[in-house]
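Listing of query-v9.tsv, TSV, C-alpha atoms
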chain	number	residue	atom	x	y	z
A	1	MET	CA	46.19	235.94	117.16
A	2	PRO	CA	45.85	238.68	119.83
A	3	ASP	CA	44.62	237.67	123.25
A	4	VAL	CA	41.15	238.54	124.48
A	5	GLN	CA	42.25	241.45	126.66
A	6	THR	CA	43.91	243.08	123.65
A	7	LEU	CA	40.69	242.66	121.67
A	8	VAL	CA	38.70	244.20	124.52
A	9	ASN	CA	41.07	247.17	124.80
A	10	ASP	CA	40.98	247.81	121.05
A	11	PHE	CA	37.19	247.71	121.03
A	12	LEU	CA	37.00	250.06	124.01
A	13	ILE	CA	39.14	252.58	122.15
A	14	LYS	CA	36.88	252.35	119.09
A	15	LEU	CA	33.79	252.93	121.22
A	16	LYS	CA	35.27	255.92	123.04
A	17	LYS	CA	36.46	257.53	119.80
A	18	ARG	CA	33.14	256.86	118.01
A	19	LYS	CA	34.88	254.90	115.26
A	20	ILE	CA	31.98	252.47	114.83
A	21	GLU	CA	29.04	253.86	112.90
A	22	GLY	CA	25.55	252.47	113.36
A	23	SER	CA	23.82	250.36	115.98
A	24	GLN	CA	23.89	247.22	113.85
A	25	ALA	CA	27.67	247.28	113.38
A	26	THR	CA	28.16	248.07	117.07
A	27	ALA	CA	25.86	245.24	118.15
A	28	LYS	CA	27.50	242.70	115.86
A	29	LEU	CA	31.04	243.59	116.94
A	30	THR	CA	29.98	243.48	120.59
A	31	ALA	CA	28.50	240.00	120.18
A	32	GLU	CA	31.64	238.79	118.37
A	33	LEU	CA	33.84	240.14	121.16
A	34	LEU	CA	31.76	238.48	123.87
A	35	ARG	CA	31.91	235.22	121.92
A	36	SER	CA	35.70	235.43	122.08
A	37	VAL	CA	35.52	236.14	125.81
A	38	ILE	CA	33.35	233.07	126.38
A	39	SER	CA	35.50	230.89	124.14
A	40	SER	CA	38.68	231.76	126.03
A	41	GLN	CA	37.11	231.49	129.49
A	42	ARG	CA	38.23	228.51	131.56
A	43	VAL	CA	35.14	227.01	133.11
A	44	PRO	CA	35.52	225.65	136.67
A	45	TYR	CA	34.32	222.27	137.87
A	46	THR	CA	31.29	223.77	139.60
A	47	ASN	CA	29.09	226.79	138.85
A	48	GLN	CA	30.07	226.92	135.19
A	49	ALA	CA	27.29	229.32	134.28
A	50	GLY	CA	28.27	231.67	137.12
A	51	ALA	CA	31.84	231.82	135.83
A	52	LEU	CA	30.70	232.66	132.30
A	53	ILE	CA	28.28	235.29	133.61
A	54	ASP	CA	31.00	236.94	135.71
A	55	ALA	CA	33.38	237.01	132.75
A	56	VAL	CA	30.78	238.57	130.44
A	57	LYS	CA	29.74	241.10	133.09
A	58	ALA	CA	33.35	242.11	133.70
A	59	VAL	CA	33.82	242.96	130.02
A	60	GLY	CA	30.28	244.27	129.52
A	61	GLU	CA	30.62	246.78	132.33
A	62	GLN	CA	33.64	248.30	130.59
A	63	LEU	CA	31.93	248.38	127.20
A	64	ILE	CA	28.82	250.12	128.52
A	65	ALA	CA	30.92	252.71	130.38
A	66	ALA	CA	32.95	253.41	127.22
A	67	SER	CA	29.85	254.46	125.24
A	68	PRO	CA	26.76	254.79	127.46
A	69	VAL	CA	24.77	256.55	124.75
A	70	GLU	CA	25.10	253.53	122.42
A	71	LEU	CA	22.43	251.39	124.04
A	72	ALA	CA	22.98	248.53	121.58
A	73	VAL	CA	26.16	247.62	123.47
A	74	GLY	CA	24.31	247.09	126.73
A	75	ASN	CA	21.51	245.29	124.91
A	76	ILE	CA	23.87	242.70	123.46
A	77	VAL	CA	25.68	242.22	126.78
A	78	ARG	CA	22.34	241.51	128.45
A	79	ARG	CA	21.26	239.23	125.58
A	80	VAL	CA	24.41	237.13	125.98
A	81	LEU	CA	23.91	236.92	129.74
A	82	HIS	CA	20.34	235.76	129.13
A	83	ILE	CA	21.62	233.14	126.67
A	84	ILE	CA	23.98	231.74	129.32
A	85	ARG	CA	21.17	231.49	131.85
A	86	GLU	CA	18.82	229.85	129.35
A	87	GLU	CA	21.36	227.28	128.18
A	88	ASP	CA	22.29	226.42	131.77
A	89	LEU	CA	18.63	226.02	132.67
A	90	SER	CA	18.06	223.85	129.60
A	91	LEU	CA	20.93	221.53	130.52
A	92	THR	CA	19.76	221.34	134.13
A	93	THR	CA	16.22	220.48	133.04
A	94	ALA	CA	17.49	217.83	130.61
A	95	ALA	CA	19.71	216.30	133.31
A	96	MET	CA	16.82	216.14	135.75
A	97	ALA	CA	14.53	214.64	133.11
A	98	GLY	CA	17.10	211.92	132.41
A	99	LEU	CA	17.52	211.26	136.11
A	100	ASN	CA	13.78	211.05	136.62
A	101	LEU	CA	13.41	208.58	133.75
A	102	SER	CA	16.08	206.33	135.23
A	103	ILE	CA	14.35	206.38	138.60
A	104	VAL	CA	10.96	205.65	137.12
A	105	SER	CA	12.42	202.59	135.38
A	106	ASP	CA	13.61	201.12	138.71
A	107	ASP	CA	11.18	198.31	139.48
A	108	GLU	CA	12.08	198.12	143.17
A	109	ASP	CA	10.71	201.55	144.07
A	110	ASP	CA	7.71	201.77	141.77
A	111	GLY	CA	5.23	202.16	144.61
A	112	GLU	CA	7.10	204.94	146.37
A	113	HIS	CA	7.27	207.61	143.65
A	114	ASP	CA	4.04	209.32	144.61
A	115	ASN	CA	5.37	210.09	148.08
A	116	TYR	CA	8.11	212.46	146.89
A	117	PRO	CA	7.78	216.08	145.77
A	118	VAL	CA	8.30	217.10	142.16
A	119	LEU	CA	11.87	218.23	141.46
A	120	SER	CA	11.13	220.19	138.29
A	121	ALA	CA	9.09	222.76	140.20
A	122	ALA	CA	12.41	224.24	141.31
A	123	VAL	CA	13.43	224.53	137.69
A	124	VAL	CA	10.22	226.35	136.86
A	125	ALA	CA	10.76	228.69	139.79
A	126	ALA	CA	14.29	229.43	138.61
A	127	ALA	CA	12.98	230.18	135.15
A	128	ALA	CA	10.42	232.55	136.62
A	129	ARG	CA	13.05	234.44	138.57
A	130	SER	CA	15.32	234.77	135.54
A	131	THR	CA	12.76	236.50	133.34
A	132	LEU	CA	10.95	239.80	133.40
A	133	ARG	CA	7.55	238.14	133.75
A	134	PRO	CA	6.21	235.12	135.59
A	135	PRO	CA	5.73	231.86	133.67
A	136	SER	CA	2.39	231.40	131.99
A	137	LEU	CA	0.09	228.47	132.74
A	138	GLN	CA	1.04	226.93	129.40
A	139	THR	CA	4.75	227.16	130.31
A	140	LEU	CA	4.11	225.46	133.64
A	141	LEU	CA	2.13	222.64	132.01
A	142	GLU	CA	4.75	222.11	129.31
A	143	ASP	CA	7.85	222.22	131.54
A	144	ILE	CA	6.77	220.05	134.49
A	145	PRO	CA	7.03	216.31	133.77
A	146	ASP	CA	4.19	214.06	134.94
A	147	THR	CA	6.45	211.97	137.16
A	148	ALA	CA	9.58	213.04	139.00
A	149	ALA	CA	11.10	212.00	142.26
A	150	ILE	CA	13.95	212.67	144.63
A	151	PRO	CA	16.82	210.29	143.84
A	152	HIS	CA	17.97	207.66	146.38
A	153	THR	CA	21.71	207.21	146.62
A	154	SER	CA	22.88	203.68	147.26
A	155	SER	CA	25.87	202.82	149.41
A	156	SER	CA	27.01	200.19	146.93
A	157	GLY	CA	28.87	201.20	143.82
A	158	GLY	CA	29.88	204.56	145.32
A	159	ASP	CA	33.19	204.74	143.48
A	160	SER	CA	31.67	204.06	140.09
A	161	GLU	CA	28.90	206.55	140.74
A	162	GLY	CA	31.44	209.21	141.74
A	163	LYS	CA	33.42	208.66	138.55
A	164	SER	CA	30.23	208.77	136.51
A	165	LYS	CA	29.12	212.04	138.14
A	166	SER	CA	32.59	213.54	137.60
A	167	GLY	CA	32.47	212.63	133.92
A	168	ASP	CA	28.93	213.96	133.61
A	169	LYS	CA	29.91	217.32	135.12
A	170	SER	CA	32.94	217.60	132.86
A	171	SER	CA	30.91	216.82	129.74
A	172	ARG	CA	28.13	219.16	130.92
A	173	SER	CA	30.70	221.94	131.35
A	174	ARG	CA	31.93	221.48	127.78
A	175	LYS	CA	28.39	221.26	126.45
A	176	LEU	CA	27.31	224.44	128.26
A	177	LYS	CA	30.15	226.40	126.72
A	178	HIS	CA	29.49	224.89	123.29
A	179	ASP	CA	25.76	225.59	123.44
A	180	VAL	CA	26.31	229.18	124.56
A	181	ILE	CA	28.74	229.84	121.70
A	182	GLU	CA	26.29	228.31	119.22
A	183	ALA	CA	23.49	230.53	120.55
A	184	VAL	CA	25.72	233.62	120.30
A	185	ASN	CA	26.52	232.65	116.71
A	186	GLU	CA	22.79	232.58	115.99
A	187	LEU	CA	22.47	236.01	117.62
A	188	ILE	CA	25.24	237.38	115.39
A	189	GLN	CA	23.52	235.93	112.34
A	190	ASP	CA	20.20	237.47	113.37
A	191	ILE	CA	21.84	240.88	113.77
A	192	GLY	CA	23.43	240.61	110.33
A	193	THR	CA	20.14	239.74	108.62
A	194	CYS	CA	17.79	242.03	110.55
A	195	HIS	CA	17.48	244.51	107.64
A	196	GLU	CA	16.40	241.73	105.27
A	197	GLN	CA	13.94	240.30	107.81
A	198	ILE	CA	12.30	243.69	108.30
A	199	ALA	CA	12.32	244.50	104.58
A	200	GLU	CA	10.40	241.30	103.78
A	201	GLN	CA	7.39	242.81	105.54
A	202	ALA	CA	7.35	245.99	103.43
A	203	VAL	CA	4.79	244.70	100.92
A	204	GLU	CA	2.27	244.23	103.76
A	205	HIS	CA	2.42	247.91	104.76
A	206	ILE	CA	3.15	249.96	101.63
A	207	HIS	CA	0.54	250.10	98.86
A	208	HIS	CA	0.18	251.65	95.41
A	209	ASN	CA	0.16	255.44	95.02
A	210	GLU	CA	0.94	256.12	98.68
A	211	VAL	CA	3.12	258.93	99.96
A	212	ILE	CA	5.68	257.97	102.62
A	213	LEU	CA	7.47	260.48	104.85
A	214	THR	CA	10.76	259.83	106.63
A	215	LEU	CA	13.47	261.91	108.27
A	216	GLY	CA	17.24	261.60	108.22
A	217	SER	CA	19.08	258.52	107.03
A	218	SER	CA	18.47	254.91	108.05
A	219	ARG	CA	19.65	251.80	106.26
A	220	THR	CA	16.68	249.89	107.68
A	221	VAL	CA	14.27	252.40	106.14
A	222	LEU	CA	16.21	252.36	102.86
A	223	GLU	CA	16.01	248.57	102.53
A	224	PHE	CA	12.35	248.58	103.61
A	225	LEU	CA	11.34	251.10	100.94
A	226	PHE	CA	13.42	249.42	98.26
A	227	ALA	CA	11.88	246.03	99.07
A	228	ALA	CA	8.42	247.52	98.47
A	229	LYS	CA	9.56	248.85	95.10
A	230	GLU	CA	10.95	245.43	94.18
A	231	LYS	CA	7.44	244.05	94.77
A	232	LYS	CA	6.15	246.44	92.08
A	233	ARG	CA	4.72	248.97	94.54
A	234	SER	CA	4.55	252.48	93.08
A	235	PHE	CA	4.82	255.24	95.70
A	236	ARG	CA	6.55	258.52	96.48
A	237	VAL	CA	8.86	259.30	99.39
A	238	PHE	CA	9.18	262.65	101.17
A	239	VAL	CA	12.52	262.91	102.94
A	240	ALA	CA	13.04	265.57	105.60
A	241	GLU	CA	16.67	266.59	105.46
A	242	GLY	CA	17.50	266.04	109.14
A	243	ALA	CA	19.37	269.22	110.00
A	244	PRO	CA	22.01	270.00	111.13
A	245	ARG	CA	23.81	266.85	109.90
A	246	TYR	CA	21.57	266.66	106.81
A	247	GLN	CA	21.57	262.87	106.72
A	248	GLY	CA	18.36	263.07	104.72
A	249	HIS	CA	20.40	264.26	101.73
A	250	LEU	CA	22.27	260.94	101.74
A	251	LEU	CA	19.05	258.93	101.97
A	252	ALA	CA	17.45	260.93	99.14
A	253	LYS	CA	20.44	260.20	96.88
A	254	GLU	CA	20.28	256.49	97.73
A	255	LEU	CA	16.54	256.34	97.01
A	256	VAL	CA	16.94	258.09	93.66
A	257	ALA	CA	19.83	255.77	92.76
A	258	ARG	CA	17.52	252.80	93.37
A	259	GLY	CA	14.76	254.28	91.23
A	260	LEU	CA	12.32	255.57	93.85
A	261	GLN	CA	10.36	258.80	93.37
A	262	THR	CA	11.78	261.11	96.03
A	263	THR	CA	11.08	264.63	97.26
A	264	LEU	CA	13.52	266.34	99.64
A	265	ILE	CA	12.00	268.84	102.07
A	266	THR	CA	13.24	270.92	104.97
A	267	ASP	CA	12.46	269.85	108.52
A	268	SER	CA	10.33	272.96	109.06
A	269	ALA	CA	8.12	271.91	106.11
A	270	VAL	CA	6.96	268.69	107.76
A	271	PHE	CA	3.77	270.20	109.19
A	272	ALA	CA	2.96	271.77	105.83
A	273	MET	CA	3.42	268.46	103.93
A	274	ILE	CA	2.04	265.95	106.44
A	275	SER	CA	-1.56	266.30	105.21
A	276	ARG	CA	-0.48	264.77	101.89
A	277	VAL	CA	1.25	261.82	103.56
A	278	ASN	CA	-0.28	258.35	104.02
A	279	MET	CA	2.32	256.97	106.42
A	280	VAL	CA	5.45	258.01	108.33
A	281	ILE	CA	8.19	255.36	108.36
A	282	VAL	CA	11.33	256.03	110.42
A	283	GLY	CA	14.23	254.22	112.02
A	284	ALA	CA	15.24	254.28	115.68
A	285	HIS	CA	18.33	254.47	117.81
A	286	ALA	CA	16.71	252.39	120.57
A	287	VAL	CA	13.28	251.17	121.70
A	288	MET	CA	12.74	251.35	125.45
A	289	ALA	CA	10.78	248.90	127.63
A	290	ASN	CA	7.75	251.21	127.77
A	291	GLY	CA	7.56	251.46	123.97
A	292	GLY	CA	9.19	254.89	123.84
A	293	VAL	CA	11.70	255.54	121.07
A	294	ILE	CA	15.09	257.21	121.18
A	295	ALA	CA	15.45	258.53	117.65
A	296	PRO	CA	17.38	261.14	115.65
A	297	VAL	CA	16.62	264.71	116.67
A	298	GLY	CA	13.56	266.12	114.92
A	299	LEU	CA	11.48	262.93	114.96
A	300	ASN	CA	9.38	263.99	117.93
A	301	MET	CA	8.20	266.94	115.85
A	302	VAL	CA	7.34	264.57	113.00
A	303	ALA	CA	5.45	262.28	115.40
A	304	LEU	CA	3.41	265.20	116.74
A	305	ALA	CA	2.56	266.29	113.20
A	306	ALA	CA	1.51	262.74	112.32
A	307	GLN	CA	-0.72	262.51	115.40
A	308	ARG	CA	-2.32	265.87	114.62
A	309	HIS	CA	-3.28	264.70	111.12
A	310	ALA	CA	-4.07	261.05	112.06
A	311	VAL	CA	-1.19	259.69	109.96
A	312	PRO	CA	0.24	256.30	111.06
A	313	PHE	CA	3.70	256.62	112.61
A	314	VAL	CA	5.66	253.39	112.02
A	315	VAL	CA	9.05	252.63	113.62
A	316	LEU	CA	11.47	250.08	112.14
A	317	ALA	CA	13.91	248.52	114.60
A	318	GLY	CA	15.94	245.32	114.75
A	319	SER	CA	15.71	243.22	117.89
A	320	HIS	CA	19.20	244.36	118.94
A	321	LYS	CA	17.71	247.84	119.48
A	322	LEU	CA	15.10	246.63	121.97
A	323	CYS	CA	16.26	247.85	125.38
A	324	PRO	CA	14.90	246.37	128.65
A	325	LEU	CA	15.41	249.64	130.52
A	326	TYR	CA	12.98	252.49	131.01
A	327	PRO	CA	13.81	256.11	130.11
A	328	HIS	CA	13.92	257.10	133.79
A	329	ASN	CA	16.51	254.45	134.70
A	330	PRO	CA	19.81	256.04	135.78
A	331	GLU	CA	21.71	253.66	133.47
A	332	VAL	CA	20.08	255.25	130.42
A	333	LEU	CA	21.82	258.19	128.78
A	334	LEU	CA	19.05	259.62	126.65
A	335	ASN	CA	21.11	262.15	124.75
A	336	GLU	CA	24.48	263.61	123.97
A	337	LEU	CA	25.45	267.04	122.69
A	338	ARG	CA	27.33	267.30	119.42
A	339	SER	CA	29.77	269.97	118.33
A	340	PRO	CA	28.38	273.51	117.84
A	341	SER	CA	30.33	273.66	114.56
A	342	GLU	CA	27.50	271.67	112.91
A	343	LEU	CA	25.19	274.64	113.53
A	344	LEU	CA	27.41	277.64	112.88
A	345	ASP	CA	30.85	278.66	111.73
A	346	PHE	CA	33.00	279.70	114.65
A	347	GLY	CA	34.81	282.42	112.70
A	348	GLU	CA	31.56	284.10	111.73
A	349	PHE	CA	30.18	284.10	115.29
A	350	SER	CA	33.44	284.49	117.22
A	351	ASP	CA	32.49	287.97	118.43
A	352	CYS	CA	29.41	286.45	120.14
A	353	MET	CA	31.66	284.13	122.11
A	354	ASP	CA	33.40	286.96	124.00
A	355	PHE	CA	33.01	286.94	127.77
A	356	ARG	CA	31.46	290.42	127.97
A	357	SER	CA	28.82	289.80	130.61
A	358	GLY	CA	31.35	289.57	133.44
A	359	THR	CA	29.78	286.38	134.75
A	360	GLY	CA	32.42	284.07	133.31
A	361	SER	CA	30.14	282.65	130.58
A	362	PRO	CA	29.77	283.59	126.87
A	363	LEU	CA	26.79	285.56	125.57
A	364	LEU	CA	25.91	282.87	123.00
A	365	HIS	CA	25.23	279.25	123.88
A	366	VAL	CA	24.84	276.56	121.22
A	367	VAL	CA	22.89	273.40	122.03
A	368	ASN	CA	23.10	270.61	119.46
A	369	PRO	CA	21.41	267.43	120.79
A	370	THR	CA	21.73	264.16	118.89
A	371	PHE	CA	18.46	262.44	119.80
A	372	ASP	CA	14.77	262.97	120.46
A	373	PHE	CA	12.54	260.89	122.70
A	374	VAL	CA	9.24	259.87	121.11
A	375	PRO	CA	6.70	258.69	123.73
A	376	PRO	CA	4.85	255.44	123.00
A	377	LYS	CA	1.49	257.19	122.62
A	378	LEU	CA	2.76	258.77	119.38
A	379	VAL	CA	3.82	255.44	117.83
A	380	SER	CA	1.28	253.47	115.79
A	381	LEU	CA	3.29	250.32	115.03
A	382	PHE	CA	6.71	248.76	115.55
A	383	ILE	CA	8.11	246.53	112.81
A	384	THR	CA	10.98	244.32	113.97
A	385	ASP	CA	12.68	241.27	112.49
A	386	THR	CA	10.08	239.17	114.34
A	387	GLY	CA	7.04	240.97	112.88
A	388	GLY	CA	4.78	243.92	113.60
A	389	HIS	CA	3.88	244.82	117.19
A	390	ASN	CA	1.78	247.42	118.96
A	391	PRO	CA	3.61	249.72	121.43
A	392	SER	CA	1.68	248.17	124.33
A	393	TYR	CA	3.15	244.74	123.47
A	394	MET	CA	6.80	245.79	123.40
A	395	TYR	CA	7.46	245.07	127.07
A	396	ARG	CA	6.30	241.47	126.53
A	397	LEU	CA	8.50	241.10	123.46
A	398	ILE	CA	11.49	242.58	125.28
A	399	ALA	CA	10.92	240.22	128.22
A	400	ASP	CA	11.70	237.26	125.95
A	401	TYR	CA	15.23	238.53	125.31
A	402	TYR	CA	16.47	239.53	128.77
A	403	SER	CA	16.64	238.34	132.37
A	404	ALA	CA	15.65	240.54	135.28
A	405	ASP	CA	18.96	239.78	137.03
A	406	ASP	CA	20.90	241.41	134.20
A	407	LEU	CA	19.17	244.78	133.89
A	408	VAL	CA	22.06	246.39	135.77
A	409	VAL	CA	25.30	244.97	134.40
A	410	GLN	CA	27.59	244.97	137.39
A	411	ARG	CA	30.04	242.41	138.70
A	412	ARG	CA	29.41	240.84	142.05
A	413	PRO	CA	31.62	242.38	144.76
A	414	ALA	CA	34.49	240.19	145.79
A	415	THR	CA	33.96	238.62	149.22
A	416	GLY	CA	36.82	238.89	151.62
A	417	SER	CA	38.20	235.87	153.42
Structure re-expressed in structure tokens:
Amino acid sequence: MPDVQTLVNDFLIKLKKRKIEGSQATAKLTAELLRSVISSQRVPYTNQAGALIDAVKAVGEQLIAASPVELAVGNIVRRVLHIIREEDLSLTTAAMAGLNLSIVSDDEDDGEHDNYPVLSAAVVAAAARSTLRPPSLQTLLEDIPDTAAIPHTSSSGGDSEGKSKSGDKSSRSRKLKHDVIEAVNELIQDIGTCHEQIAEQAVEHIHHNEVILTLGSSRTVLEFLFAAKEKKRSFRVFVAEGAPRYQGHLLAKELVARGLQTTLITDSAVFAMISRVNMVIVGAHAVMANGGVIAPVGLNMVALAAQRHAVPFVVLAGSHKLCPLYPHNPEVLLNELRSPSELLDFGEFSDCMDFRSGTGSPLLHVVNPTFDFVPPKLVSLFITDTGGHNPSYMYRLIADYYSADDLVVQRRPATGS
């Protein structure tokens, strides 16, 4: 079996050469790679969580740099970092709870417990710092035990206590690593089933005799529409072709193959057809912290048409596409330019490429962006694998998946001796 560094290098090459298609596949492979990194990491005697975080950040920084436009990579790296912090906090809280219970059971010091401060307040403070929002009152009431005290160390039995503590730390180290890997496995499973989780909600949003408009090709949209048909919903789908890659042609063929009534239209016909549409349902490349959507090029035009005619604009996105960054963050690459050959044939327009102006630049420039940015005010509803959410709620939902310390994935600088 190849070592972890070989796996990392192979994955970096695939990212740079765009050999992985789709955010779901990219997210799942990223999570599997980070699981291997964690599994092979030797955890030190102290600061086990810090060692795992440094190892994940070291690899994550390379992955993000290899494909900055694929935001799902950074999302999964940050999700795994958040998992490590959560599992470490959970073990720390459990250890303190056990310690507090043993102290409370000591009959000799029963009258002195009220004179000591509560230890678990530090745990709550750590939890508050590791999230994007402060803890709620309910969280504080649930997490702080009624009785807790500062432990007294006895001079007798020091050797046995030292051995016990050493064994506890060793077992805690193994448990932390085990729990993190189990949580990452659950993350991988959630990524793999996100289409099914979203599709289960289709019957709540699509009704009889409705007309649905979409643009381009999205497997999430395909499964969502097909799930509604399986529930005996009768409706028609307008598919805008999604020039210049014409991914809408592929989606139209898939819909027809699954027995859905489908009409293929040009992108320029969206405004003409939108008045006949009951709902716009589209996929997304990424959902930003402010509720804005990075989506295939052309969707901003569709969103504007939907707003103009008061048609609901619904975005389907798995939780791996929820990004904790804002569009203005320097770490976010909002777009990339694709080859001009998708727009025109070079042989036919080669005479326009001559440098005749004398300024060192051709007369004809071809701009072929990949994505559009749809502002949150144009989105009516987000449907994720956790349910439907308003755009104004997305920052709260995203806060549950990430820690504020991990927004910028960067290793700590090495301190000199």
For CA of Ala305 (chain A) and CA of Met273 (chain A), the interatomic separation in Å (one decimal):
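Interatomic distance, CA of Ala305 (chain A) to CA of Met273 (chain A): 9.6 Å.
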One decimal, Å: what's the distance from CA of Val367 (chain A) over to CA of Ala272 (chain A), could you say?
25.7 Å
Pull the neighbourhood of (29.2, 228.2, 123.5) for me: all residues within 10 Å in file coordinates, counting all atoms listed in the file, as a list in words.
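Here the neighbourhood of the point contains Arg35, Ser36, Ile38, Ser39, Leu52, Ile83, Ile84, Glu87, Arg174, Lys175, Leu176, Lys177, His178, Asp179, Val180, Ile181, Glu182, Ala183, Val184 and Asn185 of chain A.
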Compile the contact shell of Leu250 (chain A) as a ChimeraX atom specification: residues with an atom at most 12 Å away, counting only C-alpha atoms, same-chain residues fewer than 3 positions apart removed.
/A:215-219,222,239-242,245-247,253-257,262,264
What is the distance, in Å and to one decimal place, between CA of Leu260 (chain A) and CA of Gln307 (chain A)?
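The value is 26.1 Å.
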Region 7-10 of chain A: which residues within 10 Å, counting only C-alpha atoms, same-chain residues fewer than 4 positions away excluded, as a PyMOL selection string?
chain A and resi 1-3+14-15+30+33-34+36-37+59-60+62-63
With only C-alpha atoms as the atoms that count, which of A:Ala55, A:Arg258, A:Pro244, A:His389 lies nearest to Ser339 (chain A)?
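Checking each of A:Ala55, A:Arg258, A:Pro244, A:His389 against Ser339 (chain A), counting only C-alpha atoms, the winner is A:Pro244.
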Go through A:Pro362, A:Pro391, A:Pro44, A:Pro376 one by one, measure the shortest atom-to-atom distance of each to Asn300 (chain A) using all atoms listed in the file, and give the residue with the smallest value.
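Closest candidate: A:Pro376.
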